[in-house]
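Engineer: The structure under discussion is supplied below as structure tokens; questions concerning it will follow.
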Protein chains: 2
Amino acid sequence: MSTADRPGEAEWLAGYRPGDHDRPSLTVDLAVFTIRDGAFSVLLVERGEHPYRGHWALPGGFVGIEEDIEAAAWRELAEETGVARFDGHLEQLRTYGAPGRDPRMRVVSVAHVAIAPDLPDPRAGSDAAAARWWPVEDLGLDGGDPDAPPLAFDHATVLTDAVERVRAKLEYTSLALEFLREPFSLGDVRRIYRAVWGRAPALGHFRRKVLSTPGFVVETHQVSSSPASDHGGRPPLLFRRGTATQLHPALLRPTGTDEE
Amino acid sequence: MSTADRPGEAEWLAGYRPGDHDRPSLTVDLAVFTIRDGAFSVLLVERGEHPYRGHWALPGGFVGIEEDIEAAAWRELAEETGVARFDGHLEQLRTYGAPGRDPRMRVVSVAHVAIAPDLPDPRAGSDAAAARWWPVEDLGLDGGDPDAPPLAFDHATVLTDAVERVRAKLEYTSLALEFLREPFSLGDVRRIYRAVWGRAPALGHFRRKVLSTPGFVVETHQVSSSPASDHGGRPPLLFRRGTATQLHPALLRPTGTDEE
DNA sequence: CTGGTTCGACTCATTGTGAGCATAACCAGG
DNA sequence: CCTGGTTATGCTCACAATGAGTCGAACCAG
């Protein structure tokens, strides 16, 4: 990050005349996460056009000149994947604008993170060749996985940041509930944590934490009719989302390297 | 360089054709914070040109077509305020792009937060009429303060978000040390917390927390020659920044409403 | 020497964490 | 019907962190 010192720059800056110079293109990108078959998954589209043809990319596209950024994110999601606006969570992640991240021209992208309950399979739209849910684990974001699909642009970086944002927010907010439809059991919630973190929080502590945080979940006084597994098991109590959004103190990720 | 000049653009855009006149302008804004005379303060410039002439604004300006976003932030800071690149912290906050936030045209701004040790008084540059440090408390961000200076654009919103980001990060990172020059005493660190939060963390717990977190601060085995106050007091031990950046568990803001 | 001030080291009740164990309620198979 | 497997719920216990407080050390000014 070296300070740019290009001659003549001070001139057009002095009067704020942005019409006099070239502007970067502005796009939105979305990392839409859900839990598919127990796996923490993200929605990607296969590019059908140059550049990065055949690579997988985050859905996204250009922001209209009078279009709100968040509205553009919802619109692109619908156009590229057929995923309609859902009852979930959408927030800005950060903006990526390194020169050269798009080989065609200067493109600055406002990346977003969305959380959705399990959604139907997407359909490819616009210039996408395909669209599907990818388990995050299969994307080889740590690098070194030969079976990982190639990702377009700087989307591996964006996705790494997005995954970390979601994992971190599970610690200190009630974001996990956005993956679920109501009503849900505490086991459902814990399975979300397990899928996203790779490790489940300790059972005893987890229940105590969720139940003792005011407004995290609200009891329905109902019991699930269908047990969680095929082999039976005690039917769980059912809950709905409460009004609380913050967890104090945080529910920390388990340390250690074991899977469970 | 116009969009139409680039060959083959219609193909790869496949329906999205942001022409020259379709693109938002891209700017950076900076909320630079420091501690001035014990007050948590932010650097603002008084606008000398339309729109919002005479209003106070965050320093910022347009991003060059091949300029990195963070580099543009550093450059604008130097140009508008004379504050040279300092040994401190700069991070992206979020991007603000609501249509209508600039009455002239569509402008999308990538806002940043910077933390600096006490710096010399800025000088007004470019088209700014003045530049000075404002105590955050005097800006009336809660609304309703008739003595608060008028803020340009949506900068009250940006500033509110920036202040909350800094306050929150003091809880779970070692960001407070970025306000200080080395070496510093634990009392210095606690005064940073008091200035930023409005309330100081409890003395006993604060010392225990800072000293028991590995890598937060490093002892110099030196004692300050000049006591902290004019009225004397025991000279404090001096420390330097450690390598740790995260605090686990977090150092939470005191509850309650008292000032101290 | 005395009072005021800041820094440093301790105590103690309360709360939260990490780990475990016991019981309840369901299923499938013998 | 009984048994083992499975999931959910409720509890205990040792330990760590927090919040609040006390006490002495080391300096200054008068």
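Note on naming: chains are A, B, ... as they come in the structure tokens, residues start from 1 per chain, ligands start from 1 in the order shown.
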Both chains have the same sequence, so superpose chain B on chain A over all Cα atoms paired in order and return it as an mmCIF file with C-alpha atoms, in the first residue's frame.
Structural biologist:
data_model
loop_
_atom_site.group_PDB
_atom_site.id
_atom_site.type_symbol
_atom_site.label_atom_id
_atom_site.label_comp_id
_atom_site.auth_asym_id
_atom_site.auth_seq_id
_atom_site.Cartn_x
_atom_site.Cartn_y
_atom_site.Cartn_z
ATOM 1 C CA MET B 1 -20.390 12.066 -17.252
ATOM 2 C CA SER B 2 -16.685 12.620 -17.263
ATOM 3 C CA THR B 3 -14.580 14.188 -14.612
ATOM 4 C CA ALA B 4 -13.433 16.988 -16.860
ATOM 5 C CA ASP B 5 -17.047 18.062 -17.392
ATOM 6 C CA ARG B 6 -17.505 19.046 -13.811
ATOM 7 C CA PRO B 7 -16.636 22.672 -13.236
ATOM 8 C CA GLY B 8 -14.181 23.561 -10.588
ATOM 9 C CA GLU B 9 -13.029 20.067 -10.034
ATOM 10 C CA ALA B 10 -9.358 20.972 -10.275
ATOM 11 C CA GLU B 11 -9.755 23.256 -7.291
ATOM 12 C CA TRP B 12 -11.361 20.996 -4.821
ATOM 13 C CA LEU B 13 -9.303 18.031 -5.745
ATOM 14 C CA ALA B 14 -6.166 20.069 -5.195
ATOM 15 C CA GLY B 15 -3.760 17.709 -6.779
ATOM 16 C CA TYR B 16 -5.867 14.579 -6.888
ATOM 17 C CA ARG B 17 -7.535 14.293 -10.228
ATOM 18 C CA PRO B 18 -8.925 10.867 -10.824
ATOM 19 C CA GLY B 19 -9.805 11.018 -14.480
ATOM 20 C CA ASP B 20 -12.145 8.661 -16.230
ATOM 21 C CA HIS B 21 -9.468 6.135 -16.873
ATOM 22 C CA ASP B 22 -7.945 6.359 -13.431
ATOM 23 C CA ARG B 23 -10.730 4.843 -11.436
ATOM 24 C CA PRO B 24 -10.884 1.229 -10.370
ATOM 25 C CA SER B 25 -14.064 -0.631 -11.175
ATOM 26 C CA LEU B 26 -16.201 -1.366 -8.139
ATOM 27 C CA THR B 27 -17.948 -4.670 -7.631
ATOM 28 C CA VAL B 28 -19.706 -6.593 -4.895
ATOM 29 C CA ASP B 29 -19.183 -10.280 -4.130
ATOM 30 C CA LEU B 30 -21.355 -12.431 -1.920
ATOM 31 C CA ALA B 31 -20.602 -15.468 0.159
ATOM 32 C CA VAL B 32 -24.079 -16.855 0.838
ATOM 33 C CA PHE B 33 -24.072 -19.627 3.423
ATOM 34 C CA THR B 34 -26.718 -22.154 4.337
ATOM 35 C CA ILE B 35 -26.999 -25.651 5.755
ATOM 36 C CA ARG B 36 -27.765 -28.224 3.029
ATOM 37 C CA ASP B 37 -28.341 -31.807 4.104
ATOM 38 C CA GLY B 38 -26.494 -31.088 7.301
ATOM 39 C CA ALA B 39 -23.486 -29.589 5.508
ATOM 40 C CA PHE B 40 -22.271 -26.003 5.877
ATOM 41 C CA SER B 41 -22.498 -24.830 2.269
ATOM 42 C CA VAL B 42 -21.858 -21.775 0.131
ATOM 43 C CA LEU B 43 -23.445 -20.641 -3.103
ATOM 44 C CA LEU B 44 -21.049 -20.506 -6.076
ATOM 45 C CA VAL B 45 -21.503 -19.883 -9.779
ATOM 46 C CA GLU B 46 -19.516 -21.462 -12.566
ATOM 47 C CA ARG B 47 -18.075 -18.819 -14.838
ATOM 48 C CA GLY B 48 -19.123 -19.091 -18.444
ATOM 49 C CA GLU B 49 -16.899 -16.320 -19.745
ATOM 50 C CA HIS B 50 -13.289 -15.308 -19.757
ATOM 51 C CA PRO B 51 -11.444 -14.921 -17.477
ATOM 52 C CA TYR B 52 -11.498 -18.020 -15.285
ATOM 53 C CA ARG B 53 -14.004 -19.717 -17.554
ATOM 54 C CA GLY B 54 -15.113 -22.968 -15.953
ATOM 55 C CA HIS B 55 -13.873 -21.881 -12.547
ATOM 56 C CA TRP B 56 -16.220 -21.400 -9.633
ATOM 57 C CA ALA B 57 -16.747 -17.917 -8.266
ATOM 58 C CA LEU B 58 -18.728 -16.036 -5.677
ATOM 59 C CA PRO B 59 -21.809 -14.418 -7.175
ATOM 60 C CA GLY B 60 -21.284 -10.718 -7.668
ATOM 61 C CA GLY B 61 -21.039 -7.900 -10.148
ATOM 62 C CA PHE B 62 -20.629 -4.222 -10.742
ATOM 63 C CA VAL B 63 -22.107 -1.523 -8.555
ATOM 64 C CA GLY B 64 -24.229 1.008 -10.396
ATOM 65 C CA ILE B 65 -23.094 4.601 -10.326
ATOM 66 C CA GLU B 66 -25.943 5.664 -8.068
ATOM 67 C CA GLU B 67 -26.620 2.340 -6.447
ATOM 68 C CA ASP B 68 -26.149 1.606 -2.792
ATOM 69 C CA ILE B 69 -23.529 -1.079 -2.202
ATOM 70 C CA GLU B 70 -25.761 -3.365 -0.158
ATOM 71 C CA ALA B 71 -28.572 -2.956 -2.679
ATOM 72 C CA ALA B 72 -26.163 -4.014 -5.414
ATOM 73 C CA ALA B 73 -25.350 -7.139 -3.436
ATOM 74 C CA TRP B 74 -29.001 -8.154 -3.208
ATOM 75 C CA ARG B 75 -29.546 -7.386 -6.882
ATOM 76 C CA GLU B 76 -26.570 -9.389 -8.059
ATOM 77 C CA LEU B 77 -27.604 -12.327 -5.962
ATOM 78 C CA ALA B 78 -31.008 -12.391 -7.610
ATOM 79 C CA GLU B 79 -29.660 -11.873 -11.117
ATOM 80 C CA GLU B 80 -26.914 -14.443 -11.041
ATOM 81 C CA THR B 81 -28.560 -17.216 -9.098
ATOM 82 C CA GLY B 82 -32.294 -16.640 -9.031
ATOM 83 C CA VAL B 83 -32.172 -16.538 -5.267
ATOM 84 C CA ALA B 84 -34.688 -13.901 -4.375
ATOM 85 C CA ARG B 85 -34.260 -11.653 -1.416
ATOM 86 C CA PHE B 86 -34.708 -13.844 1.605
ATOM 87 C CA ASP B 87 -35.462 -13.280 5.216
ATOM 88 C CA GLY B 88 -31.933 -13.480 6.436
ATOM 89 C CA HIS B 89 -28.733 -11.771 7.286
ATOM 90 C CA LEU B 90 -26.381 -9.756 5.059
ATOM 91 C CA GLU B 91 -23.313 -7.904 6.239
ATOM 92 C CA GLN B 92 -20.185 -6.468 4.750
ATOM 93 C CA LEU B 93 -17.074 -8.612 5.100
ATOM 94 C CA ARG B 94 -14.225 -6.484 3.793
ATOM 95 C CA THR B 95 -12.943 -4.928 0.594
ATOM 96 C CA TYR B 96 -10.425 -6.670 -1.642
ATOM 97 C CA GLY B 97 -8.515 -4.510 -4.052
ATOM 98 C CA ALA B 98 -5.032 -5.845 -4.710
ATOM 99 C CA PRO B 99 -3.834 -4.794 -8.169
ATOM 100 C CA GLY B 100 -3.834 -7.804 -10.451
ATOM 101 C CA ARG B 101 -6.605 -9.723 -8.702
ATOM 102 C CA ASP B 102 -8.563 -9.422 -11.965
ATOM 103 C CA PRO B 103 -6.345 -9.904 -15.031
ATOM 104 C CA ARG B 104 -8.486 -7.593 -17.171
ATOM 105 C CA MET B 105 -8.230 -4.404 -15.185
ATOM 106 C CA ARG B 106 -8.217 -2.927 -11.746
ATOM 107 C CA VAL B 107 -11.274 -4.169 -9.880
ATOM 108 C CA VAL B 108 -12.018 -3.449 -6.252
ATOM 109 C CA SER B 109 -14.610 -5.689 -4.687
ATOM 110 C CA VAL B 110 -16.664 -5.177 -1.555
ATOM 111 C CA ALA B 111 -17.250 -8.701 -0.256
ATOM 112 C CA HIS B 112 -20.337 -9.574 1.784
ATOM 113 C CA VAL B 113 -21.439 -12.479 3.914
ATOM 114 C CA ALA B 114 -25.052 -13.653 3.891
ATOM 115 C CA ILE B 115 -26.749 -16.302 5.989
ATOM 116 C CA ALA B 116 -29.878 -18.017 4.712
ATOM 117 C CA PRO B 117 -32.153 -20.800 5.850
ATOM 118 C CA ASP B 118 -32.237 -23.726 3.466
ATOM 119 C CA LEU B 119 -33.162 -22.311 0.059
ATOM 120 C CA PRO B 120 -34.281 -23.923 -3.194
ATOM 121 C CA ASP B 121 -31.629 -24.879 -5.710
ATOM 122 C CA PRO B 122 -30.384 -21.818 -7.542
ATOM 123 C CA ARG B 123 -30.565 -21.357 -11.286
ATOM 124 C CA ALA B 124 -27.737 -19.977 -13.346
ATOM 125 C CA GLY B 125 -28.365 -16.453 -14.606
ATOM 126 C CA SER B 126 -26.597 -13.822 -16.642
ATOM 127 C CA ASP B 127 -23.216 -15.082 -17.747
ATOM 128 C CA ALA B 128 -22.943 -17.904 -15.268
ATOM 129 C CA ALA B 129 -22.783 -21.403 -16.684
ATOM 130 C CA ALA B 130 -24.141 -22.983 -13.524
ATOM 131 C CA ALA B 131 -24.971 -22.208 -9.922
ATOM 132 C CA ARG B 132 -25.043 -24.597 -7.003
ATOM 133 C CA TRP B 133 -24.461 -25.028 -3.303
ATOM 134 C CA TRP B 134 -21.006 -26.325 -2.416
ATOM 135 C CA PRO B 135 -20.214 -27.865 0.965
ATOM 136 C CA VAL B 136 -17.459 -25.681 2.382
ATOM 137 C CA GLU B 137 -15.534 -28.793 3.339
ATOM 138 C CA ASP B 138 -15.298 -29.829 -0.329
ATOM 139 C CA LEU B 139 -13.687 -26.574 -1.440
ATOM 140 C CA GLY B 140 -10.225 -27.408 -0.139
ATOM 141 C CA LEU B 141 -9.686 -23.964 1.363
ATOM 142 C CA ASP B 142 -6.817 -25.316 3.439
ATOM 143 C CA GLY B 143 -5.112 -26.153 0.167
ATOM 144 C CA GLY B 144 -3.797 -29.451 -1.050
ATOM 145 C CA ASP B 145 -7.096 -31.074 -1.974
ATOM 146 C CA PRO B 146 -6.800 -32.344 -5.565
ATOM 147 C CA ASP B 147 -10.577 -32.882 -5.847
ATOM 148 C CA ALA B 148 -11.413 -29.306 -4.872
ATOM 149 C CA PRO B 149 -12.979 -27.199 -7.618
ATOM 150 C CA PRO B 150 -10.830 -24.375 -8.985
ATOM 151 C CA LEU B 151 -11.873 -21.004 -7.634
ATOM 152 C CA ALA B 152 -11.743 -17.826 -9.704
ATOM 153 C CA PHE B 153 -9.862 -14.625 -8.876
ATOM 154 C CA ASP B 154 -8.897 -14.335 -5.217
ATOM 155 C CA HIS B 155 -12.139 -15.950 -4.145
ATOM 156 C CA ALA B 156 -10.376 -18.655 -2.171
ATOM 157 C CA THR B 157 -9.001 -15.908 0.052
ATOM 158 C CA VAL B 158 -12.356 -14.161 0.282
ATOM 159 C CA LEU B 159 -14.089 -17.417 1.099
ATOM 160 C CA THR B 160 -11.546 -18.304 3.762
ATOM 161 C CA ASP B 161 -12.137 -14.936 5.414
ATOM 162 C CA ALA B 162 -15.910 -15.316 5.091
ATOM 163 C CA VAL B 163 -15.939 -18.784 6.638
ATOM 164 C CA GLU B 164 -13.823 -17.605 9.528
ATOM 165 C CA ARG B 165 -16.141 -14.620 10.047
ATOM 166 C CA VAL B 166 -19.176 -16.876 10.291
ATOM 167 C CA ARG B 167 -17.455 -19.370 12.564
ATOM 168 C CA ALA B 168 -16.262 -16.598 14.840
ATOM 169 C CA LYS B 169 -19.641 -14.888 14.970
ATOM 170 C CA LEU B 170 -21.356 -18.055 16.105
ATOM 171 C CA GLU B 171 -19.227 -17.749 19.221
ATOM 172 C CA TYR B 172 -20.364 -14.352 20.380
ATOM 173 C CA THR B 173 -23.643 -13.646 18.592
ATOM 174 C CA SER B 174 -26.933 -15.400 17.939
ATOM 175 C CA LEU B 175 -26.113 -15.614 14.231
ATOM 176 C CA ALA B 176 -26.686 -19.385 14.195
ATOM 177 C CA LEU B 177 -30.430 -18.770 14.376
ATOM 178 C CA GLU B 178 -30.333 -17.073 10.963
ATOM 179 C CA PHE B 179 -29.796 -20.496 9.428
ATOM 180 C CA LEU B 180 -33.120 -21.726 10.837
ATOM 181 C CA ARG B 181 -36.786 -21.244 10.176
ATOM 182 C CA GLU B 182 -39.055 -20.836 13.159
ATOM 183 C CA PRO B 183 -39.954 -22.715 15.174
ATOM 184 C CA PHE B 184 -36.849 -24.742 15.885
ATOM 185 C CA SER B 185 -35.573 -27.043 18.599
ATOM 186 C CA LEU B 186 -32.392 -26.678 20.602
ATOM 187 C CA GLY B 187 -31.139 -29.748 18.772
ATOM 188 C CA ASP B 188 -31.616 -27.873 15.507
ATOM 189 C CA VAL B 189 -29.505 -25.023 16.829
ATOM 190 C CA ARG B 190 -26.803 -27.379 18.007
ATOM 191 C CA ARG B 191 -26.726 -29.072 14.602
ATOM 192 C CA ILE B 192 -26.037 -25.658 13.037
ATOM 193 C CA TYR B 193 -23.048 -25.240 15.310
ATOM 194 C CA ARG B 194 -21.852 -28.730 14.459
ATOM 195 C CA ALA B 195 -22.151 -28.130 10.726
ATOM 196 C CA VAL B 196 -20.385 -24.749 10.780
ATOM 197 C CA TRP B 197 -17.659 -25.579 13.271
ATOM 198 C CA GLY B 198 -17.127 -29.185 12.314
ATOM 199 C CA ARG B 199 -17.538 -29.996 15.982
ATOM 200 C CA ALA B 200 -20.625 -29.674 18.135
ATOM 201 C CA PRO B 201 -20.463 -27.741 21.388
ATOM 202 C CA ALA B 202 -20.743 -29.924 24.482
ATOM 203 C CA LEU B 203 -24.387 -30.891 24.901
ATOM 204 C CA GLY B 204 -24.903 -30.039 28.553
ATOM 205 C CA HIS B 205 -23.114 -26.754 28.461
ATOM 206 C CA PHE B 206 -24.754 -25.787 25.193
ATOM 207 C CA ARG B 207 -28.275 -26.160 26.517
ATOM 208 C CA ARG B 208 -27.414 -24.335 29.710
ATOM 209 C CA LYS B 209 -25.814 -21.499 27.763
ATOM 210 C CA VAL B 210 -28.625 -21.011 25.274
ATOM 211 C CA LEU B 211 -31.367 -21.194 27.876
ATOM 212 C CA SER B 212 -29.600 -19.021 30.448
ATOM 213 C CA THR B 213 -28.787 -16.199 28.023
ATOM 214 C CA PRO B 214 -31.758 -13.812 28.267
ATOM 215 C CA GLY B 215 -33.417 -13.239 24.912
ATOM 216 C CA PHE B 216 -31.421 -15.778 22.935
ATOM 217 C CA VAL B 217 -34.427 -18.029 22.322
ATOM 218 C CA VAL B 218 -38.064 -17.767 23.363
ATOM 219 C CA GLU B 219 -40.039 -20.819 24.437
ATOM 220 C CA THR B 220 -43.188 -21.596 22.472
ATOM 221 C CA HIS B 221 -44.469 -24.155 24.997
ATOM 222 C CA GLN B 222 -45.055 -26.455 22.053
ATOM 223 C CA VAL B 223 -43.557 -29.822 21.342
ATOM 224 C CA SER B 224 -42.504 -30.925 17.901
ATOM 225 C CA SER B 225 -44.883 -33.470 16.428
ATOM 226 C CA SER B 226 -42.201 -35.096 14.291
ATOM 227 C CA PRO B 227 -39.104 -36.371 16.060
ATOM 228 C CA ALA B 228 -35.699 -35.315 14.799
ATOM 229 C CA SER B 229 -34.610 -38.701 13.498
ATOM 230 C CA ASP B 230 -36.227 -41.598 11.664
ATOM 231 C CA HIS B 231 -35.446 -43.889 14.538
ATOM 232 C CA GLY B 232 -37.565 -41.948 16.971
ATOM 233 C CA GLY B 233 -36.386 -40.070 19.983
ATOM 234 C CA ARG B 234 -38.087 -37.762 22.378
ATOM 235 C CA PRO B 235 -39.883 -34.887 20.634
ATOM 236 C CA PRO B 236 -38.129 -31.603 21.435
ATOM 237 C CA LEU B 237 -39.565 -28.381 22.765
ATOM 238 C CA LEU B 238 -39.830 -25.665 20.139
ATOM 239 C CA PHE B 239 -38.430 -22.134 20.294
ATOM 240 C CA ARG B 240 -38.359 -18.886 18.365
ATOM 241 C CA ARG B 241 -35.609 -16.300 18.008
ATOM 242 C CA GLY B 242 -35.291 -13.873 20.888
ATOM 243 C CA THR B 243 -34.194 -10.266 20.757
ATOM 244 C CA ALA B 244 -30.644 -10.811 22.003
ATOM 245 C CA THR B 245 -27.854 -10.597 19.437
ATOM 246 C CA GLN B 246 -24.765 -10.819 21.643
ATOM 247 C CA LEU B 247 -23.610 -13.708 23.814
ATOM 248 C CA HIS B 248 -21.798 -12.789 27.038
ATOM 249 C CA PRO B 249 -19.598 -14.602 27.723
ATOM 250 C CA ALA B 250 -18.962 -16.214 24.364
ATOM 251 C CA LEU B 251 -19.742 -19.813 23.478
ATOM 252 C CA LEU B 252 -16.280 -20.957 22.506
ATOM 253 C CA ARG B 253 -15.439 -23.494 19.831
ATOM 254 C CA PRO B 254 -14.468 -26.850 21.291
ATOM 255 C CA THR B 255 -10.741 -27.425 21.401
ATOM 256 C CA GLY B 256 -9.104 -30.579 20.163
ATOM 257 C CA THR B 257 -9.225 -32.212 16.795
ATOM 258 C CA ASP B 258 -11.973 -34.841 17.017
ATOM 259 C CA GLU B 259 -14.982 -34.576 14.778
ATOM 260 C CA GLU B 260 -17.493 -35.186 17.570
#
Engineer: Mind dumping a table of every chain C residue within 10 Å of chain A, with the nearest atom pair and its distance in Å to one decimal, using only C-alpha atoms (C1' of nucleotides), sorted by chain and rising number, as JSON lines?
Structural biologist:
{"residue": "C:DG16", "atom": "C1'", "partner": "A:Pro249", "partner_atom": "CA", "distance": 8.5}
{"residue": "C:DT17", "atom": "C1'", "partner": "A:His205", "partner_atom": "CA", "distance": 7.6}
{"residue": "C:DG18", "atom": "C1'", "partner": "A:His205", "partner_atom": "CA", "distance": 7.7}
{"residue": "C:DA19", "atom": "C1'", "partner": "A:Gly204", "partner_atom": "CA", "distance": 8.7}
{"residue": "C:DG20", "atom": "C1'", "partner": "A:Gly204", "partner_atom": "CA", "distance": 9.3}
{"residue": "C:DA24", "atom": "C1'", "partner": "A:Arg234", "partner_atom": "CA", "distance": 7.6}
{"residue": "C:DA25", "atom": "C1'", "partner": "A:Arg234", "partner_atom": "CA", "distance": 4.4}
{"residue": "C:DC26", "atom": "C1'", "partner": "A:Gly233", "partner_atom": "CA", "distance": 4.4}
{"residue": "C:DC27", "atom": "C1'", "partner": "A:Gly232", "partner_atom": "CA", "distance": 4.0}
{"residue": "C:DA28", "atom": "C1'", "partner": "A:His231", "partner_atom": "CA", "distance": 7.1}
Engineer: Going by DSSP on the backbone, which residues of range 41-248 of chain B come out as alpha helix (DSSP H)? List them as a PyMOL selection string.
Structural biologist: chain B and resi 69-81+155-172+186-197+203-212
Engineer: Take the residues that were just selected and, keeping C-alpha atoms, output them as a JSON list (two decimals), in the first residue's frame.
Structural biologist:
[["chain", "number", "residue", "atom", "x", "y", "z"],
["B", 69, "ILE", "CA", -8.30, 2.03, -2.19],
["B", 70, "GLU", "CA", -6.17, 2.07, 0.95],
["B", 71, "ALA", "CA", -3.46, 4.03, -0.84],
["B", 72, "ALA", "CA", -6.08, 6.59, -1.82],
["B", 73, "ALA", "CA", -7.06, 6.93, 1.82],
["B", 74, "TRP", "CA", -3.50, 7.71, 2.89],
["B", 75, "ARG", "CA", -3.07, 10.14, 0.01],
["B", 76, "GLU", "CA", -6.26, 12.03, 0.72],
["B", 77, "LEU", "CA", -5.38, 12.32, 4.36],
["B", 78, "ALA", "CA", -2.08, 13.95, 3.50],
["B", 79, "GLU", "CA", -3.55, 16.24, 0.85],
["B", 80, "GLU", "CA", -6.49, 17.53, 2.80],
["B", 81, "THR", "CA", -5.00, 17.89, 6.24],
["B", 155, "HIS", "CA", -20.99, 11.75, 7.77],
["B", 156, "ALA", "CA", -22.88, 11.74, 11.05],
["B", 157, "THR", "CA", -23.91, 8.18, 10.25],
["B", 158, "VAL", "CA", -20.41, 7.22, 9.15],
["B", 159, "LEU", "CA", -18.92, 8.76, 12.26],
["B", 160, "THR", "CA", -21.40, 7.01, 14.53],
["B", 161, "ASP", "CA", -20.44, 3.69, 12.97],
["B", 162, "ALA", "CA", -16.74, 4.52, 13.19],
["B", 163, "VAL", "CA", -16.93, 5.47, 16.86],
["B", 164, "GLU", "CA", -18.79, 2.30, 17.68],
["B", 165, "ARG", "CA", -16.21, 0.25, 15.77],
["B", 166, "VAL", "CA", -13.36, 1.74, 17.78],
["B", 167, "ARG", "CA", -15.18, 1.37, 21.09],
["B", 168, "ALA", "CA", -16.02, -2.24, 20.31],
["B", 169, "LYS", "CA", -12.51, -3.09, 19.18],
["B", 170, "LEU", "CA", -11.01, -1.85, 22.42],
["B", 171, "GLU", "CA", -12.95, -4.66, 24.06],
["B", 172, "TYR", "CA", -11.48, -7.57, 22.18],
["B", 186, "LEU", "CA", -0.54, 1.02, 32.35],
["B", 187, "GLY", "CA", -2.14, 4.24, 33.55],
["B", 188, "ASP", "CA", -1.66, 5.65, 30.06],
["B", 189, "VAL", "CA", -3.46, 2.66, 28.59],
["B", 190, "ARG", "CA", -6.29, 2.96, 31.07],
["B", 191, "ARG", "CA", -6.68, 6.66, 30.25],
["B", 192, "ILE", "CA", -7.15, 5.69, 26.59],
["B", 193, "TYR", "CA", -9.98, 3.39, 27.58],
["B", 194, "ARG", "CA", -11.50, 6.11, 29.72],
["B", 195, "ALA", "CA", -11.34, 8.67, 26.93],
["B", 196, "VAL", "CA", -12.81, 6.37, 24.26],
["B", 197, "TRP", "CA", -15.47, 4.70, 26.37],
["B", 203, "LEU", "CA", -8.66, -0.43, 38.04],
["B", 204, "GLY", "CA", -7.90, -3.76, 39.68],
["B", 205, "HIS", "CA", -9.40, -5.89, 37.00],
["B", 206, "PHE", "CA", -7.85, -3.80, 34.26],
["B", 207, "ARG", "CA", -4.31, -4.28, 35.51],
["B", 208, "ARG", "CA", -4.86, -7.98, 36.05],
["B", 209, "LYS", "CA", -6.30, -8.37, 32.57],
["B", 210, "VAL", "CA", -3.58, -6.48, 30.73],
["B", 211, "LEU", "CA", -0.74, -8.14, 32.60],
["B", 212, "SER", "CA", -2.19, -11.66, 32.46]]
Engineer: Give me, as a ChimeraX atom specification, the residues of range 1-235 of chain A that a backbone DSSP run labels strand (DSSP E or B).
Structural biologist: /A:25-36,39-47,56-57,60-62,89-96,107-115,128-135,151,173,184,217-223,229,232
Engineer: Could you give me, as a tab-separated table, a per-residue list for chain D showing, wherever an atom lies at most 9 Å from an atom of chain B, the closest pair of atoms and their distance in Å to one decimal, using only C-alpha atoms (C1' of nucleotides) and sorting by chain then residue number from low to high?
Structural biologist:
residue	atom	partner	partner_atom	distance
D:DA17	C1'	B:Pro249	CA	8.6
D:DT18	C1'	B:His205	CA	7.6
D:DG19	C1'	B:His205	CA	7.7
D:DA20	C1'	B:Ala202	CA	8.7
D:DA25	C1'	B:Arg234	CA	7.8
D:DA26	C1'	B:Arg234	CA	4.5
D:DC27	C1'	B:Arg234	CA	4.4
D:DC28	C1'	B:Gly232	CA	3.8
D:DA29	C1'	B:His231	CA	7.0
Engineer: Please, what distance in Å, to one decimal, runs between C1' of DA16 in chain D and C1' of DA9 in chain C?
Structural biologist: 19.7 Å
